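Data block for data.cif (mmCIF, N, CA and C atoms and all ligand atoms):
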data_work
loop_
_atom_site.label_atom_id
_atom_site.label_comp_id
_atom_site.auth_asym_id
_atom_site.auth_seq_id
_atom_site.Cartn_x
_atom_site.Cartn_y
_atom_site.Cartn_z
N MET M 36 164.81 134.34 132.59
CA MET M 36 164.58 135.23 133.72
C MET M 36 165.86 135.94 134.11
N THR M 37 166.91 135.18 134.28
CA THR M 37 168.20 135.78 134.66
C THR M 37 168.67 136.74 133.59
N LEU M 38 168.46 136.34 132.34
CA LEU M 38 168.86 137.19 131.22
C LEU M 38 168.17 138.54 131.28
N TRP M 39 166.86 138.54 131.55
CA TRP M 39 166.11 139.79 131.62
C TRP M 39 166.56 140.64 132.81
N PHE M 40 166.89 139.96 133.90
CA PHE M 40 167.35 140.67 135.09
C PHE M 40 168.66 141.40 134.79
N ILE M 41 169.59 140.70 134.20
CA ILE M 41 170.90 141.29 133.87
C ILE M 41 170.72 142.40 132.84
N ARG M 42 169.88 142.15 131.86
CA ARG M 42 169.63 143.16 130.83
C ARG M 42 169.03 144.43 131.45
N GLY M 43 168.12 144.26 132.40
CA GLY M 43 167.50 145.39 133.06
C GLY M 43 168.50 146.20 133.85
N ILE M 44 169.38 145.52 134.55
CA ILE M 44 170.41 146.23 135.33
C ILE M 44 171.35 146.98 134.40
N ARG M 45 171.71 146.34 133.32
CA ARG M 45 172.65 146.95 132.38
C ARG M 45 172.04 148.20 131.72
N ARG M 46 170.80 148.09 131.32
CA ARG M 46 170.14 149.20 130.59
C ARG M 46 169.42 150.18 131.52
N GLY M 47 169.12 149.74 132.72
CA GLY M 47 168.39 150.60 133.64
C GLY M 47 166.91 150.66 133.33
N VAL M 48 166.45 149.83 132.42
CA VAL M 48 165.03 149.79 132.06
C VAL M 48 164.53 148.38 132.30
N VAL M 49 163.50 148.27 133.10
CA VAL M 49 162.98 146.92 133.39
C VAL M 49 161.56 146.73 132.90
N THR M 50 160.99 147.76 132.30
CA THR M 50 159.63 147.62 131.76
C THR M 50 159.65 148.04 130.29
N THR M 51 158.52 147.84 129.64
CA THR M 51 158.41 148.27 128.24
C THR M 51 158.27 149.78 128.18
N ARG M 52 158.26 150.34 127.01
CA ARG M 52 158.13 151.79 126.80
C ARG M 52 156.67 152.26 126.83
N TYR M 53 155.73 151.30 126.99
CA TYR M 53 154.32 151.66 127.03
C TYR M 53 154.05 152.55 128.24
N PRO M 54 153.25 153.59 128.20
CA PRO M 54 152.39 154.02 127.09
C PRO M 54 153.02 155.03 126.14
N ALA M 55 154.29 155.39 126.37
CA ALA M 55 154.91 156.35 125.47
C ALA M 55 154.94 155.81 124.04
N ARG M 56 155.14 154.50 123.92
CA ARG M 56 155.11 153.85 122.61
C ARG M 56 154.22 152.61 122.72
N PRO M 57 153.53 152.28 121.65
CA PRO M 57 152.70 151.07 121.69
C PRO M 57 153.55 149.84 121.95
N ASP M 58 153.03 148.94 122.74
CA ASP M 58 153.75 147.71 123.02
C ASP M 58 153.40 146.69 121.93
N PRO M 59 154.38 146.12 121.28
CA PRO M 59 154.08 145.15 120.20
C PRO M 59 153.23 143.98 120.66
N SER M 60 153.34 143.60 121.91
CA SER M 60 152.57 142.45 122.39
C SER M 60 151.07 142.75 122.43
N ALA M 61 150.69 144.03 122.38
CA ALA M 61 149.27 144.40 122.44
C ALA M 61 148.50 143.82 121.25
N ALA M 62 149.18 143.59 120.14
CA ALA M 62 148.50 143.07 118.95
C ALA M 62 147.94 141.67 119.18
N SER M 63 148.49 140.95 120.15
CA SER M 63 148.02 139.58 120.38
C SER M 63 147.06 139.49 121.57
N LEU M 64 146.71 140.62 122.17
CA LEU M 64 145.79 140.59 123.31
C LEU M 64 144.35 140.37 122.85
N PRO M 65 143.55 139.62 123.62
CA PRO M 65 142.12 139.56 123.30
C PRO M 65 141.50 140.93 123.58
N THR M 66 140.61 141.34 122.73
CA THR M 66 139.97 142.65 122.92
C THR M 66 138.46 142.50 122.92
N PRO M 67 137.77 143.45 123.51
CA PRO M 67 136.30 143.41 123.54
C PRO M 67 135.74 143.41 122.12
N PRO M 68 134.50 142.97 121.99
CA PRO M 68 133.93 142.86 120.64
C PRO M 68 133.46 144.19 120.08
N ALA M 69 133.33 144.19 118.76
CA ALA M 69 132.64 145.26 118.03
C ALA M 69 131.49 144.58 117.30
N PHE M 70 130.35 145.23 117.28
CA PHE M 70 129.14 144.62 116.71
C PHE M 70 128.79 145.29 115.38
N ARG M 71 128.29 144.49 114.44
CA ARG M 71 127.85 145.00 113.14
C ARG M 71 126.33 145.12 113.19
N PRO M 72 125.81 146.34 113.38
CA PRO M 72 124.36 146.53 113.55
C PRO M 72 123.55 145.98 112.40
N TRP M 73 124.03 146.08 111.18
CA TRP M 73 123.29 145.61 110.00
C TRP M 73 123.27 144.09 109.90
N GLU M 74 124.03 143.39 110.74
CA GLU M 74 123.99 141.93 110.79
C GLU M 74 123.24 141.42 112.02
N LEU M 75 122.81 142.33 112.86
CA LEU M 75 122.11 141.94 114.09
C LEU M 75 120.61 141.84 113.86
N THR M 76 120.06 140.68 114.21
CA THR M 76 118.61 140.53 114.31
C THR M 76 118.30 140.37 115.80
N VAL M 77 117.02 140.44 116.13
CA VAL M 77 116.62 140.22 117.53
C VAL M 77 117.05 138.83 117.97
N GLN M 78 116.91 137.85 117.09
CA GLN M 78 117.27 136.47 117.43
C GLN M 78 118.77 136.35 117.69
N VAL M 79 119.57 136.95 116.81
CA VAL M 79 121.03 136.90 117.01
C VAL M 79 121.40 137.61 118.31
N ALA M 80 120.81 138.76 118.55
CA ALA M 80 121.10 139.50 119.79
C ALA M 80 120.79 138.64 121.01
N ASP M 81 119.66 137.93 120.97
CA ASP M 81 119.30 137.08 122.11
C ASP M 81 120.27 135.92 122.28
N GLN M 82 120.77 135.40 121.17
CA GLN M 82 121.79 134.34 121.26
C GLN M 82 123.07 134.87 121.90
N LEU M 83 123.45 136.08 121.53
CA LEU M 83 124.67 136.68 122.10
C LEU M 83 124.50 136.89 123.60
N ILE M 84 123.33 137.36 123.98
CA ILE M 84 123.04 137.58 125.40
C ILE M 84 123.12 136.26 126.17
N ALA M 85 122.62 135.20 125.55
CA ALA M 85 122.59 133.89 126.22
C ALA M 85 123.99 133.33 126.45
N VAL M 86 124.92 133.60 125.55
CA VAL M 86 126.26 133.02 125.70
C VAL M 86 127.21 133.91 126.49
N CYS M 87 126.82 135.13 126.78
CA CYS M 87 127.72 136.06 127.49
C CYS M 87 127.79 135.71 128.97
N PRO M 88 128.95 135.29 129.46
CA PRO M 88 129.04 134.86 130.86
C PRO M 88 129.11 136.01 131.85
N GLY M 89 129.44 137.20 131.38
CA GLY M 89 129.64 138.31 132.29
C GLY M 89 128.44 139.22 132.44
N GLY M 90 127.36 138.93 131.74
CA GLY M 90 126.20 139.81 131.80
C GLY M 90 126.46 141.16 131.17
N ALA M 91 127.34 141.18 130.20
CA ALA M 91 127.70 142.45 129.56
C ALA M 91 126.69 142.86 128.48
N LEU M 92 125.80 141.93 128.12
CA LEU M 92 124.85 142.22 127.04
C LEU M 92 123.42 142.10 127.54
N ARG M 93 122.57 142.97 127.06
CA ARG M 93 121.13 142.86 127.28
C ARG M 93 120.45 143.56 126.12
N ARG M 94 119.16 143.31 126.00
CA ARG M 94 118.42 143.90 124.88
C ARG M 94 117.36 144.84 125.41
N ASP M 95 117.24 145.98 124.74
CA ASP M 95 116.22 146.96 125.06
C ASP M 95 115.43 147.20 123.77
N GLY M 96 114.43 146.37 123.53
CA GLY M 96 113.69 146.45 122.27
C GLY M 96 114.59 146.06 121.11
N ARG M 97 114.76 146.97 120.17
CA ARG M 97 115.61 146.70 119.01
C ARG M 97 116.99 147.35 119.19
N VAL M 98 117.44 147.38 120.41
CA VAL M 98 118.77 147.89 120.72
C VAL M 98 119.50 146.87 121.57
N LEU M 99 120.73 146.54 121.16
CA LEU M 99 121.59 145.69 121.98
C LEU M 99 122.40 146.61 122.88
N VAL M 100 122.26 146.41 124.17
CA VAL M 100 122.97 147.26 125.13
C VAL M 100 124.21 146.51 125.58
N TYR M 101 125.34 147.11 125.37
CA TYR M 101 126.63 146.48 125.63
C TYR M 101 127.37 147.26 126.72
N ASP M 102 127.63 146.59 127.84
CA ASP M 102 128.36 147.20 128.95
C ASP M 102 129.82 146.77 128.84
N VAL M 103 130.62 147.64 128.29
CA VAL M 103 132.03 147.33 128.07
C VAL M 103 132.74 147.06 129.40
N GLY M 104 132.27 147.72 130.46
CA GLY M 104 132.88 147.53 131.77
C GLY M 104 132.66 146.15 132.36
N ALA M 105 131.65 145.44 131.89
CA ALA M 105 131.38 144.09 132.39
C ALA M 105 131.95 143.02 131.47
N CYS M 106 132.46 143.42 130.33
CA CYS M 106 132.96 142.47 129.32
C CYS M 106 134.36 142.01 129.70
N THR M 107 134.57 140.70 129.59
CA THR M 107 135.89 140.13 129.88
C THR M 107 136.67 139.80 128.61
N ALA M 108 136.11 140.18 127.48
CA ALA M 108 136.75 139.90 126.18
C ALA M 108 136.99 138.40 126.00
N CYS M 109 136.01 137.62 126.45
CA CYS M 109 136.16 136.16 126.36
C CYS M 109 136.02 135.65 124.93
N GLY M 110 135.32 136.39 124.08
CA GLY M 110 135.16 136.00 122.69
C GLY M 110 134.01 135.06 122.40
N ARG M 111 133.21 134.73 123.39
CA ARG M 111 132.09 133.79 123.15
C ARG M 111 131.05 134.37 122.19
N CYS M 112 130.81 135.66 122.28
CA CYS M 112 129.82 136.26 121.38
C CYS M 112 130.31 136.21 119.93
N ALA M 113 131.59 136.48 119.72
CA ALA M 113 132.14 136.42 118.36
C ALA M 113 132.12 135.00 117.83
N ALA M 114 132.35 134.02 118.70
CA ALA M 114 132.29 132.62 118.27
C ALA M 114 130.87 132.22 117.93
N GLN M 115 129.89 132.78 118.64
CA GLN M 115 128.48 132.46 118.41
C GLN M 115 127.98 133.03 117.08
N ALA M 116 128.38 134.25 116.77
CA ALA M 116 127.88 134.91 115.55
C ALA M 116 129.01 135.70 114.89
N PRO M 117 129.94 135.00 114.24
CA PRO M 117 131.09 135.70 113.66
C PRO M 117 130.71 136.68 112.55
N HIS M 118 129.54 136.50 111.94
CA HIS M 118 129.12 137.44 110.91
C HIS M 118 128.67 138.78 111.51
N ALA M 119 128.31 138.77 112.79
CA ALA M 119 127.78 139.97 113.43
C ALA M 119 128.71 140.58 114.47
N VAL M 120 129.73 139.83 114.86
CA VAL M 120 130.62 140.29 115.92
C VAL M 120 132.07 140.06 115.52
N THR M 121 132.90 141.04 115.79
CA THR M 121 134.33 140.89 115.53
C THR M 121 135.10 141.50 116.70
N ALA M 122 136.38 141.20 116.77
CA ALA M 122 137.20 141.81 117.83
C ALA M 122 137.41 143.28 117.49
N SER M 123 137.32 144.13 118.50
CA SER M 123 137.46 145.57 118.26
C SER M 123 138.91 145.98 118.04
N GLY M 124 139.84 145.22 118.61
CA GLY M 124 141.24 145.60 118.53
C GLY M 124 141.58 146.72 119.51
N GLU M 125 140.60 147.12 120.30
CA GLU M 125 140.78 148.23 121.23
C GLU M 125 140.82 147.71 122.67
N PHE M 126 141.86 148.01 123.40
CA PHE M 126 141.92 147.55 124.78
C PHE M 126 142.15 148.69 125.76
N GLU M 127 142.38 149.89 125.28
CA GLU M 127 142.57 151.02 126.18
C GLU M 127 141.21 151.65 126.44
N LEU M 128 140.54 151.16 127.48
CA LEU M 128 139.15 151.50 127.72
C LEU M 128 138.93 152.25 129.02
N ALA M 129 139.99 152.68 129.67
CA ALA M 129 139.83 153.35 130.95
C ALA M 129 139.08 154.66 130.79
N THR M 130 138.22 154.93 131.75
CA THR M 130 137.47 156.18 131.74
C THR M 130 137.11 156.54 133.18
N THR M 131 136.87 157.79 133.42
CA THR M 131 136.40 158.22 134.74
C THR M 131 134.88 158.31 134.77
N ASP M 132 134.26 158.11 133.62
CA ASP M 132 132.81 158.20 133.51
C ASP M 132 132.24 156.82 133.18
N ARG M 133 131.66 156.13 134.18
CA ARG M 133 131.15 154.78 134.00
C ARG M 133 130.15 154.68 132.86
N SER M 134 129.35 155.74 132.69
CA SER M 134 128.32 155.69 131.65
C SER M 134 128.92 155.66 130.24
N ALA M 135 130.17 156.07 130.12
CA ALA M 135 130.81 156.04 128.80
C ALA M 135 131.08 154.61 128.33
N LEU M 136 130.96 153.66 129.24
CA LEU M 136 131.21 152.26 128.90
C LEU M 136 129.94 151.52 128.47
N ILE M 137 128.82 152.20 128.50
CA ILE M 137 127.56 151.58 128.07
C ILE M 137 127.30 152.00 126.61
N LYS M 138 127.27 151.00 125.74
CA LYS M 138 127.06 151.26 124.30
C LYS M 138 125.69 150.74 123.90
N ARG M 139 125.01 151.51 123.10
CA ARG M 139 123.71 151.10 122.56
C ARG M 139 123.85 150.86 121.07
N ILE M 140 123.68 149.60 120.68
CA ILE M 140 123.89 149.21 119.29
C ILE M 140 122.53 148.90 118.65
N PRO M 141 122.14 149.64 117.63
CA PRO M 141 120.84 149.37 117.00
C PRO M 141 120.85 148.02 116.30
N ILE M 142 119.73 147.34 116.40
CA ILE M 142 119.54 146.05 115.71
C ILE M 142 118.84 146.38 114.39
N LEU M 143 119.58 146.36 113.31
CA LEU M 143 119.08 146.89 112.05
C LEU M 143 118.49 145.83 111.11
N ARG M 144 118.84 144.58 111.32
CA ARG M 144 118.36 143.55 110.38
C ARG M 144 117.04 142.97 110.89
N GLU M 145 116.10 142.78 109.96
CA GLU M 145 114.80 142.23 110.34
C GLU M 145 114.89 140.73 110.58
N THR M 146 115.34 139.97 109.60
CA THR M 146 115.48 138.50 109.74
C THR M 146 116.76 138.07 109.08
N ARG M 147 117.15 136.87 109.36
CA ARG M 147 118.38 136.33 108.78
C ARG M 147 118.05 135.22 107.80
S1 LIG R 201 133.41 139.03 124.79
FE1 LIG R 201 132.47 137.63 126.34
S2 LIG R 201 131.98 138.96 128.09
FE2 LIG R 201 132.34 140.31 126.32
S3 LIG R 201 130.30 140.68 125.44
FE3 LIG R 201 131.21 138.92 124.32
S4 LIG R 201 130.48 137.10 125.43
FE4 LIG R 201 130.13 138.87 126.79
#
Just dump the structure as structure tokens.
Ligand code: SF4
Amino acid sequence: MTLWFIRGIRRGVVTTRYPARPDPSAASLPTPPAFRPWELTVQVADQLIAVCPGGALRRDGRVLVYDVGACTACGRCAAQAPHAVTASGEFELATTDRSALIKRIPILRETR
């Protein structure tokens, strides 16, 4: 702590260069999921909905509706179905349009 304080005074910079430059620590941040539509069945989608603690997932027929704004990037859905869900690697999700955070993912697989 003291070292960083002295370093900051000496350099005049106390924060990272983000957003002008990507912060290296961003690579280790948990990120919201990305879904593989061709690996999603209705059953898998319902399992994902059941494990999601934030209510970020719901199903509309053969469409998985994903509310990125309600997602906490907890990773439970990816742990439940790693063949169908992966980390997106994307964490810069700010928007002025709330509806832009609602994603509709088609459920393309019939059975598993
Ligand atoms: S990462 Fe967590 S909060 Fe986000 S959709 Fe998956 S289970 Fe829900």
Restrict the calculation to only C-alpha atoms and all ligand atoms, then for each residue of chain M with any atom at most 10 Å from an atom of ligand LIG 201 (chain R) give the closest atom pair and their distance in Å to one decimal, rows by chain and rising residue number, as CSV.
residue,atom,partner,partner_atom,distance
M:Pro65,CA,R:LIG201,S1,8.9
M:Thr66,CA,R:LIG201,S1,7.7
M:Pro67,CA,R:LIG201,S1,5.4
M:Pro68,CA,R:LIG201,S1,5.7
M:Ala69,CA,R:LIG201,S3,9.0
M:Phe70,CA,R:LIG201,S3,9.6
M:Leu83,CA,R:LIG201,S4,6.7
M:Ile84,CA,R:LIG201,FE4,7.3
M:Ala85,CA,R:LIG201,S4,8.6
M:Val86,CA,R:LIG201,S4,5.9
M:Cys87,CA,R:LIG201,S4,3.6
M:Pro88,CA,R:LIG201,S2,5.8
M:Gly89,CA,R:LIG201,S2,4.9
M:Gly90,CA,R:LIG201,FE4,6.4
M:Ala91,CA,R:LIG201,FE4,5.1
M:Leu92,CA,R:LIG201,S3,5.9
M:Arg93,CA,R:LIG201,S3,9.6
M:Val100,CA,R:LIG201,S3,9.9
M:Tyr101,CA,R:LIG201,S3,6.9
M:Asp102,CA,R:LIG201,S3,7.7
M:Val103,CA,R:LIG201,FE2,7.2
M:Gly104,CA,R:LIG201,FE2,9.1
M:Ala105,CA,R:LIG201,S2,6.7
M:Cys106,CA,R:LIG201,FE2,3.7
M:Thr107,CA,R:LIG201,S2,4.5
M:Ala108,CA,R:LIG201,S1,3.7
M:Cys109,CA,R:LIG201,FE1,4.0
M:Gly110,CA,R:LIG201,S1,4.1
M:Arg111,CA,R:LIG201,S4,4.3
M:Cys112,CA,R:LIG201,S4,4.2
M:Ala113,CA,R:LIG201,FE3,6.5
M:Ala114,CA,R:LIG201,S4,8.6
M:Gln115,CA,R:LIG201,S4,8.6
M:Val120,CA,R:LIG201,FE3,8.5
M:Thr121,CA,R:LIG201,S1,9.5
M:Ala122,CA,R:LIG201,S1,8.4
Mind pulling up the distance from CA of Arg144 in chain M to atom N of Gly96 in chain M?
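CA of Arg144 in chain M lies at a distance of 14.0 Å from atom N of Gly96 in chain M.
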Using Å and a single decimal, report how far atom C of Glu74 in chain M sits from atom N of Ala119 in chain M.
5.8 Å
Restricting the calculation to only C-alpha atoms: of M:Ile142, M:Pro117, M:Trp39, M:Leu128, which residue gets closest to Thr51 in chain M?
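Closest to Thr51 in chain M, using only C-alpha atoms: M:Trp39.
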Coordinates-based distance that separates atom N of Glu127 in chain M from atom N of Gln78 in chain M (Å, one decimal)
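According to the coordinates, atom N of Gln78 in chain M and atom N of Glu127 in chain M are separated by 29.3 Å.
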Find, counting only C-alpha atoms, the residue in M:Ile140, M:Val77, M:Ala129, M:Ala116 that gets nearest to Leu99 in chain M.
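Smallest separation from Leu99 in chain M among the options: M:Ile140.
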Once DSSP has gone over the backbone, tell me which residues of range 45-130 of chain M are in helix (DSSP H, G or I), as a PyMOL selection string.
chain M and resi 45-46+59-63+72-74+77-86+103-105+111-115
Could you check the closest approach to Val98 in chain M for each of M:Leu143, M:Phe126, M:Ser63, M:Leu136 and tell me which residue wins, using all atoms listed in the file?
M:Leu143
Return the single residue from M:Arg94, M:Ala62, M:Arg52, M:Arg45 that is closest to Val79 in chain M, with distances computed using only C-alpha atoms.
M:Arg94
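Residues of chain M that DSSP, applied to the backbone, places in strand (DSSP E): M:Pro68, M:Ala69, M:Phe70, M:Leu92, M:Arg93, M:Arg94, M:Val98, M:Leu99, M:Val100, M:Tyr101, M:Asp102, M:Val120, M:Thr121, M:Ala122, M:Ile137, M:Lys138, M:Arg139, M:Ile140, M:Pro141.
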Start from the incomplete input, build all heavy atoms for range 50-61 of chain M, and deliver everything as a PDB file, in the coordinates of the input.
ATOM      1  N   THR M  50     160.990 147.760 132.300  1.00  0.00           N
ATOM      2  CA  THR M  50     159.630 147.620 131.760  1.00  0.00           C
ATOM      3  C   THR M  50     159.650 148.040 130.290  1.00  0.00           C
ATOM      4  O   THR M  50     160.632 148.560 129.786  1.00  0.00           O
ATOM      5  CB  THR M  50     158.635 148.507 132.519  1.00  0.00           C
ATOM      6  OG1 THR M  50     159.035 149.864 132.392  1.00  0.00           O
ATOM      7  CG2 THR M  50     158.562 148.128 133.976  1.00  0.00           C
ATOM      8  N   THR M  51     158.520 147.840 129.640  1.00  0.00           N
ATOM      9  CA  THR M  51     158.410 148.270 128.240  1.00  0.00           C
ATOM     10  C   THR M  51     158.270 149.780 128.180  1.00  0.00           C
ATOM     11  O   THR M  51     158.132 150.441 129.206  1.00  0.00           O
ATOM     12  CB  THR M  51     157.202 147.606 127.560  1.00  0.00           C
ATOM     13  OG1 THR M  51     156.011 148.146 128.132  1.00  0.00           O
ATOM     14  CG2 THR M  51     157.240 146.089 127.729  1.00  0.00           C
ATOM     15  N   ARG M  52     158.260 150.340 127.010  1.00  0.00           N
ATOM     16  CA  ARG M  52     158.130 151.790 126.800  1.00  0.00           C
ATOM     17  C   ARG M  52     156.670 152.260 126.830  1.00  0.00           C
ATOM     18  O   ARG M  52     156.411 153.449 126.699  1.00  0.00           O
ATOM     19  CB  ARG M  52     158.750 152.184 125.465  1.00  0.00           C
ATOM     20  CG  ARG M  52     160.184 151.781 125.329  1.00  0.00           C
ATOM     21  CD  ARG M  52     161.086 152.769 126.006  1.00  0.00           C
ATOM     22  NE  ARG M  52     162.477 152.427 125.770  1.00  0.00           N
ATOM     23  CZ  ARG M  52     163.438 152.631 126.661  1.00  0.00           C
ATOM     24  NH1 ARG M  52     163.152 153.170 127.819  1.00  0.00           N
ATOM     25  NH2 ARG M  52     164.671 152.297 126.401  1.00  0.00           N
ATOM     26  N   TYR M  53     155.730 151.300 126.990  1.00  0.00           N
ATOM     27  CA  TYR M  53     154.320 151.660 127.030  1.00  0.00           C
ATOM     28  C   TYR M  53     154.050 152.550 128.240  1.00  0.00           C
ATOM     29  O   TYR M  53     154.618 152.296 129.286  1.00  0.00           O
ATOM     30  CB  TYR M  53     153.470 150.394 127.112  1.00  0.00           C
ATOM     31  CG  TYR M  53     152.001 150.664 127.170  1.00  0.00           C
ATOM     32  CD1 TYR M  53     151.280 150.865 126.015  1.00  0.00           C
ATOM     33  CD2 TYR M  53     151.345 150.744 128.396  1.00  0.00           C
ATOM     34  CE1 TYR M  53     149.928 151.136 126.069  1.00  0.00           C
ATOM     35  CE2 TYR M  53     149.987 151.023 128.443  1.00  0.00           C
ATOM     36  CZ  TYR M  53     149.300 151.214 127.280  1.00  0.00           C
ATOM     37  OH  TYR M  53     147.957 151.496 127.341  1.00  0.00           O
ATOM     38  N   PRO M  54     153.250 153.590 128.200  1.00  0.00           N
ATOM     39  CA  PRO M  54     152.390 154.020 127.090  1.00  0.00           C
ATOM     40  C   PRO M  54     153.020 155.030 126.140  1.00  0.00           C
ATOM     41  O   PRO M  54     152.347 155.489 125.224  1.00  0.00           O
ATOM     42  CB  PRO M  54     151.197 154.641 127.822  1.00  0.00           C
ATOM     43  CG  PRO M  54     151.800 155.259 129.033  1.00  0.00           C
ATOM     44  CD  PRO M  54     152.950 154.338 129.429  1.00  0.00           C
ATOM     45  N   ALA M  55     154.290 155.390 126.370  1.00  0.00           N
ATOM     46  CA  ALA M  55     154.910 156.350 125.470  1.00  0.00           C
ATOM     47  C   ALA M  55     154.940 155.810 124.040  1.00  0.00           C
ATOM     48  O   ALA M  55     154.790 156.565 123.080  1.00  0.00           O
ATOM     49  CB  ALA M  55     156.324 156.664 125.945  1.00  0.00           C
ATOM     50  N   ARG M  56     155.140 154.500 123.920  1.00  0.00           N
ATOM     51  CA  ARG M  56     155.110 153.850 122.610  1.00  0.00           C
ATOM     52  C   ARG M  56     154.220 152.610 122.720  1.00  0.00           C
ATOM     53  O   ARG M  56     154.201 151.961 123.768  1.00  0.00           O
ATOM     54  CB  ARG M  56     156.513 153.386 122.217  1.00  0.00           C
ATOM     55  CG  ARG M  56     157.437 154.506 121.898  1.00  0.00           C
ATOM     56  CD  ARG M  56     158.726 153.967 121.343  1.00  0.00           C
ATOM     57  NE  ARG M  56     159.802 154.874 121.677  1.00  0.00           N
ATOM     58  CZ  ARG M  56     161.057 154.527 121.849  1.00  0.00           C
ATOM     59  NH1 ARG M  56     161.414 153.278 121.707  1.00  0.00           N
ATOM     60  NH2 ARG M  56     161.969 155.423 122.146  1.00  0.00           N
ATOM     61  N   PRO M  57     153.530 152.280 121.650  1.00  0.00           N
ATOM     62  CA  PRO M  57     152.700 151.070 121.690  1.00  0.00           C
ATOM     63  C   PRO M  57     153.550 149.840 121.950  1.00  0.00           C
ATOM     64  O   PRO M  57     154.673 149.757 121.453  1.00  0.00           O
ATOM     65  CB  PRO M  57     152.070 151.010 120.296  1.00  0.00           C
ATOM     66  CG  PRO M  57     152.269 152.349 119.694  1.00  0.00           C
ATOM     67  CD  PRO M  57     153.449 152.980 120.364  1.00  0.00           C
ATOM     68  N   ASP M  58     153.030 148.940 122.740  1.00  0.00           N
ATOM     69  CA  ASP M  58     153.750 147.710 123.020  1.00  0.00           C
ATOM     70  C   ASP M  58     153.400 146.690 121.930  1.00  0.00           C
ATOM     71  O   ASP M  58     152.221 146.427 121.688  1.00  0.00           O
ATOM     72  CB  ASP M  58     153.338 147.171 124.390  1.00  0.00           C
ATOM     73  CG  ASP M  58     154.280 146.096 124.880  1.00  0.00           C
ATOM     74  OD1 ASP M  58     154.530 145.132 124.126  1.00  0.00           O
ATOM     75  OD2 ASP M  58     154.765 146.224 126.014  1.00  0.00           O
ATOM     76  N   PRO M  59     154.380 146.120 121.280  1.00  0.00           N
ATOM     77  CA  PRO M  59     154.080 145.150 120.200  1.00  0.00           C
ATOM     78  C   PRO M  59     153.230 143.980 120.660  1.00  0.00           C
ATOM     79  O   PRO M  59     152.458 143.431 119.868  1.00  0.00           O
ATOM     80  CB  PRO M  59     155.467 144.674 119.750  1.00  0.00           C
ATOM     81  CG  PRO M  59     156.422 145.674 120.266  1.00  0.00           C
ATOM     82  CD  PRO M  59     155.801 146.325 121.462  1.00  0.00           C
ATOM     83  N   SER M  60     153.340 143.600 121.910  1.00  0.00           N
ATOM     84  CA  SER M  60     152.570 142.450 122.390  1.00  0.00           C
ATOM     85  C   SER M  60     151.070 142.750 122.430  1.00  0.00           C
ATOM     86  O   SER M  60     150.253 141.831 122.488  1.00  0.00           O
ATOM     87  CB  SER M  60     153.046 142.031 123.785  1.00  0.00           C
ATOM     88  OG  SER M  60     152.759 143.043 124.721  1.00  0.00           O
ATOM     89  N   ALA M  61     150.690 144.030 122.380  1.00  0.00           N
ATOM     90  CA  ALA M  61     149.270 144.400 122.440  1.00  0.00           C
ATOM     91  C   ALA M  61     148.500 143.820 121.250  1.00  0.00           C
ATOM     92  O   ALA M  61     147.297 143.577 121.346  1.00  0.00           O
ATOM     93  CB  ALA M  61     149.125 145.913 122.470  1.00  0.00           C
TER      94      ALA M  61
END
